[in-house]
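I have placed the structure first, in the form of structure tokens, so that the comments after it can refer back to it.
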Amino acid sequence: MPKSSPNTKPATSVPAKMPLITLQNVGKTYLDGNVAALRDVSLKIEEREFLSIMGPSGCGKSTLLHLLGGLDRPTQGRVLYRDRMLGDGIELDRFRAESIGFVFQSFYLLPNLTSIENVQIPMFEGKLSLADRVTRARELLDIVGLSERIHHLPHQLSIGQRQRVAVARALANNPCLVLADEPTGSLDSRSGSDLLDLLTQLNETQGTTLVIVTHDPLIAQRGRRLIRLLDGRVLEDSAQ
């Protein structure tokens with residue numbers, strides 16, 4: 001048997017990569033136990049993933065998204081962020097403010113604030129100075145193609161432009177995970193395609209983990225992984 005060299009180092013195992021978000025046997029029941037929105041859902045979301053969640057109305061898509069973002073808590077099971085339990089090891093308000101960006105179908109822009117003011121809202125509880133907040137908001141509005149609309153009020157913007165302001169606002173605190181709930185639902189086909197191009201670019205160039213909830217197969221195809229829900233259960237979890 002050949003002798004090993006005295007300078008040979010023993011093989012070391014590479015530690016497994018920690019998932020960004022883990023759901024363990026999660027269930028969510030509403031109305032005093034009469035409606036089960038989710039049933040025994042287990043999944044892991046890795047950093048830099050682009051994941052689509054698809055299913056018919058009432059299948060549990062939005063409930064799942066709310067649990068991922070700490071907007072709600074499960075009635076069964078656990079939701080972990082980097083292997084720490086939400087609501088126990090991690091305080092939910094801080095988690096949402098520092099780690100999550102939300103994009104909703106209805107925008108939720110404040111009508112009396114300009115684009116640049118709306119984008120700054122998530123930064124108000126942070127440590128940035130006013131000047132730094134303004135600079136950050138300008139940069140984000142430039143990224144979403146609205147550098148010439150920074151002083152416009154929401155009613156002065158097209159629907160597609162309002163959704164872009166909402167995306168910029170979602171990115172205000174540089175979140176590691178962006179959750180989009182039917183983000184193209186209020187947009188025409190051209191504006192919806194442009195928005196999806198923007199979200200895809202953010203995922204590819206900035207490494208932002210992206211989860212999109214949709215009922216549209218064409219939108220779901222944009223993701224690199226598809227989770228299909230039916231009656232609160234995971235029917236399919238596959239790469240695409």
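Numbering starts fresh at 1 for the residues of each chain in the structure tokens, the chains themselves are lettered A, B, ... in the order given, and ligands are numbered from 1 as they appear.
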
Helix (DSSP H, G or I) residues, from DSSP on the backbone, in segment 11-240 of chain A, as an MDAnalysis selection string: chainID A and resid 61:68 92:99 115:123 130:143 154:156 159:170 189:206 217:220

Can you pull out the residues contacting segment 119-134 of chain A? Cut-off 10 Å, using only C-alpha atoms, and skip same-chain residues under 3 positions away; I want them as a ChimeraX atom specification. /A:94,96-98,101,109-110,113-116,137-141,150,165-173

Using only C-alpha atoms, find each residue in segment 93-113 of chain A having at least one atom no more than 10 Å away from segment 204-219 of chain A; report its shortest atom-to-atom pair and that distance in Å (one decimal), rows by chain then rising number, as CSV.
residue,atom,partner,partner_atom,distance
A:Ile100,CA,A:Thr209,CA,9.8
A:Gly101,CA,A:Leu210,CA,9.5
A:Phe102,CA,A:Val211,CA,10.0
A:Val103,CA,A:Ile212,CA,9.2
A:Phe104,CA,A:Val213,CA,10.0

Mind pulling up the distance from atom CA of Pro111 of chain A to atom CA of His155 of chain A?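 Answer for the atom CA of His155 of chain A to atom CA of Pro111 of chain A separation: 7.2 Å.
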
Those in segment 53-132 of chain A with strand (DSSP E or B) from DSSP, as JSON, numbers by chain: {"A": [53, 54, 76, 77, 78, 79, 80, 81, 84, 85, 86, 90, 100, 101, 102, 103, 104]}

If you keep N, CA and C atoms, can you produce a file of those selected residues as a PDB file, in the first residue's frame?
ATOM      1  N   ILE A  53     -45.286  30.281  -7.882  1.00  0.00           N
ATOM      2  CA  ILE A  53     -46.317  29.517  -7.177  1.00  0.00           C
ATOM      3  C   ILE A  53     -47.617  29.689  -7.951  1.00  0.00           C
ATOM      4  N   MET A  54     -48.168  28.579  -8.398  1.00  0.00           N
ATOM      5  CA  MET A  54     -49.313  28.630  -9.301  1.00  0.00           C
ATOM      6  C   MET A  54     -50.435  27.747  -8.784  1.00  0.00           C
ATOM      7  N   GLN A  76     -50.069  25.271  12.172  1.00  0.00           N
ATOM      8  CA  GLN A  76     -49.282  24.048  12.382  1.00  0.00           C
ATOM      9  C   GLN A  76     -47.945  24.208  11.668  1.00  0.00           C
ATOM     10  N   GLY A  77     -46.932  23.527  12.174  1.00  0.00           N
ATOM     11  CA  GLY A  77     -45.627  23.526  11.525  1.00  0.00           C
ATOM     12  C   GLY A  77     -44.797  24.761  11.839  1.00  0.00           C
ATOM     13  N   ARG A  78     -43.675  24.893  11.112  1.00  0.00           N
ATOM     14  CA  ARG A  78     -42.733  25.973  11.386  1.00  0.00           C
ATOM     15  C   ARG A  78     -42.271  26.618  10.084  1.00  0.00           C
ATOM     16  N   VAL A  79     -42.007  27.936  10.165  1.00  0.00           N
ATOM     17  CA  VAL A  79     -41.386  28.685   9.079  1.00  0.00           C
ATOM     18  C   VAL A  79     -40.042  29.184   9.599  1.00  0.00           C
ATOM     19  N   LEU A  80     -38.965  28.829   8.895  1.00  0.00           N
ATOM     20  CA  LEU A  80     -37.611  29.176   9.315  1.00  0.00           C
ATOM     21  C   LEU A  80     -36.975  30.118   8.305  1.00  0.00           C
ATOM     22  N   TYR A  81     -36.251  31.104   8.815  1.00  0.00           N
ATOM     23  CA  TYR A  81     -35.432  31.986   7.985  1.00  0.00           C
ATOM     24  C   TYR A  81     -33.975  31.740   8.366  1.00  0.00           C
ATOM     25  N   ARG A  84     -33.612  29.773  11.479  1.00  0.00           N
ATOM     26  CA  ARG A  84     -34.145  30.317  12.725  1.00  0.00           C
ATOM     27  C   ARG A  84     -35.646  30.525  12.562  1.00  0.00           C
ATOM     28  N   MET A  85     -36.407  30.195  13.582  1.00  0.00           N
ATOM     29  CA  MET A  85     -37.855  30.202  13.488  1.00  0.00           C
ATOM     30  C   MET A  85     -38.424  31.622  13.521  1.00  0.00           C
ATOM     31  N   LEU A  86     -39.290  31.930  12.556  1.00  0.00           N
ATOM     32  CA  LEU A  86     -39.952  33.226  12.552  1.00  0.00           C
ATOM     33  C   LEU A  86     -40.918  33.323  13.727  1.00  0.00           C
ATOM     34  N   ILE A  90     -36.734  34.962  15.585  1.00  0.00           N
ATOM     35  CA  ILE A  90     -36.660  36.184  14.783  1.00  0.00           C
ATOM     36  C   ILE A  90     -37.945  36.987  14.968  1.00  0.00           C
ATOM     37  N   ILE A 100     -37.478  41.420   3.641  1.00  0.00           N
ATOM     38  CA  ILE A 100     -38.536  41.125   2.685  1.00  0.00           C
ATOM     39  C   ILE A 100     -38.979  42.377   1.944  1.00  0.00           C
ATOM     40  N   GLY A 101     -39.208  42.226   0.639  1.00  0.00           N
ATOM     41  CA  GLY A 101     -39.845  43.263  -0.161  1.00  0.00           C
ATOM     42  C   GLY A 101     -41.141  42.715  -0.731  1.00  0.00           C
ATOM     43  N   PHE A 102     -42.226  43.451  -0.591  1.00  0.00           N
ATOM     44  CA  PHE A 102     -43.536  43.001  -1.051  1.00  0.00           C
ATOM     45  C   PHE A 102     -43.980  43.803  -2.278  1.00  0.00           C
ATOM     46  N   VAL A 103     -44.500  43.090  -3.265  1.00  0.00           N
ATOM     47  CA  VAL A 103     -45.116  43.726  -4.431  1.00  0.00           C
ATOM     48  C   VAL A 103     -46.519  43.145  -4.556  1.00  0.00           C
ATOM     49  N   PHE A 104     -47.526  44.012  -4.408  1.00  0.00           N
ATOM     50  CA  PHE A 104     -48.913  43.565  -4.452  1.00  0.00           C
ATOM     51  C   PHE A 104     -49.584  44.028  -5.742  1.00  0.00           C
TER      52      PHE A 104
END

Which residues come within 10 Å of Asp231 of chain A, counting only C-alpha atoms, excluding same-chain residues fewer than 4 positions away, as a JSON list (two decimals) with N, CA and C atoms, in the first residue's frame?
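Below is the file that was written, part35.json:
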[["chain", "number", "residue", "atom", "x", "y", "z"],
["A", 36, "ALA", "N", -59.30, 25.13, 5.91],
["A", 36, "ALA", "CA", -57.86, 24.83, 5.90],
["A", 36, "ALA", "C", -57.27, 25.40, 4.61],
["A", 37, "ALA", "N", -56.56, 26.53, 4.72],
["A", 37, "ALA", "CA", -55.98, 27.17, 3.54],
["A", 37, "ALA", "C", -54.73, 26.45, 3.08],
["A", 38, "LEU", "N", -53.95, 25.91, 4.01],
["A", 38, "LEU", "CA", -52.76, 25.13, 3.68],
["A", 38, "LEU", "C", -52.74, 23.87, 4.52],
["A", 39, "ARG", "N", -52.22, 22.78, 3.92],
["A", 39, "ARG", "CA", -52.19, 21.49, 4.60],
["A", 39, "ARG", "C", -50.83, 20.83, 4.43],
["A", 55, "GLY", "N", -51.66, 28.12, -9.10],
["A", 55, "GLY", "CA", -52.81, 27.32, -8.74],
["A", 55, "GLY", "C", -54.08, 28.12, -8.91],
["A", 56, "PRO", "N", -55.23, 27.47, -8.87],
["A", 56, "PRO", "CA", -56.51, 28.17, -9.03],
["A", 56, "PRO", "C", -56.82, 29.05, -7.84],
["A", 57, "SER", "N", -57.79, 29.92, -8.01],
["A", 57, "SER", "CA", -58.22, 30.80, -6.92],
["A", 57, "SER", "C", -58.66, 29.96, -5.72],
["A", 58, "GLY", "N", -58.20, 30.37, -4.53],
["A", 58, "GLY", "CA", -58.58, 29.67, -3.31],
["A", 58, "GLY", "C", -57.75, 28.46, -2.97],
["A", 59, "CYS", "N", -56.65, 28.25, -3.70],
["A", 59, "CYS", "CA", -55.82, 27.05, -3.44],
["A", 59, "CYS", "C", -54.82, 27.26, -2.32],
["A", 60, "GLY", "N", -54.64, 28.50, -1.86],
["A", 60, "GLY", "CA", -53.69, 28.77, -0.77],
["A", 60, "GLY", "C", -52.46, 29.54, -1.19],
["A", 61, "LYS", "N", -52.42, 30.06, -2.42],
["A", 61, "LYS", "CA", -51.24, 30.76, -2.92],
["A", 61, "LYS", "C", -50.89, 31.99, -2.07],
["A", 235, "LEU", "N", -49.02, 20.15, -5.06],
["A", 235, "LEU", "CA", -49.30, 19.12, -6.06],
["A", 235, "LEU", "C", -48.08, 18.82, -6.89]]
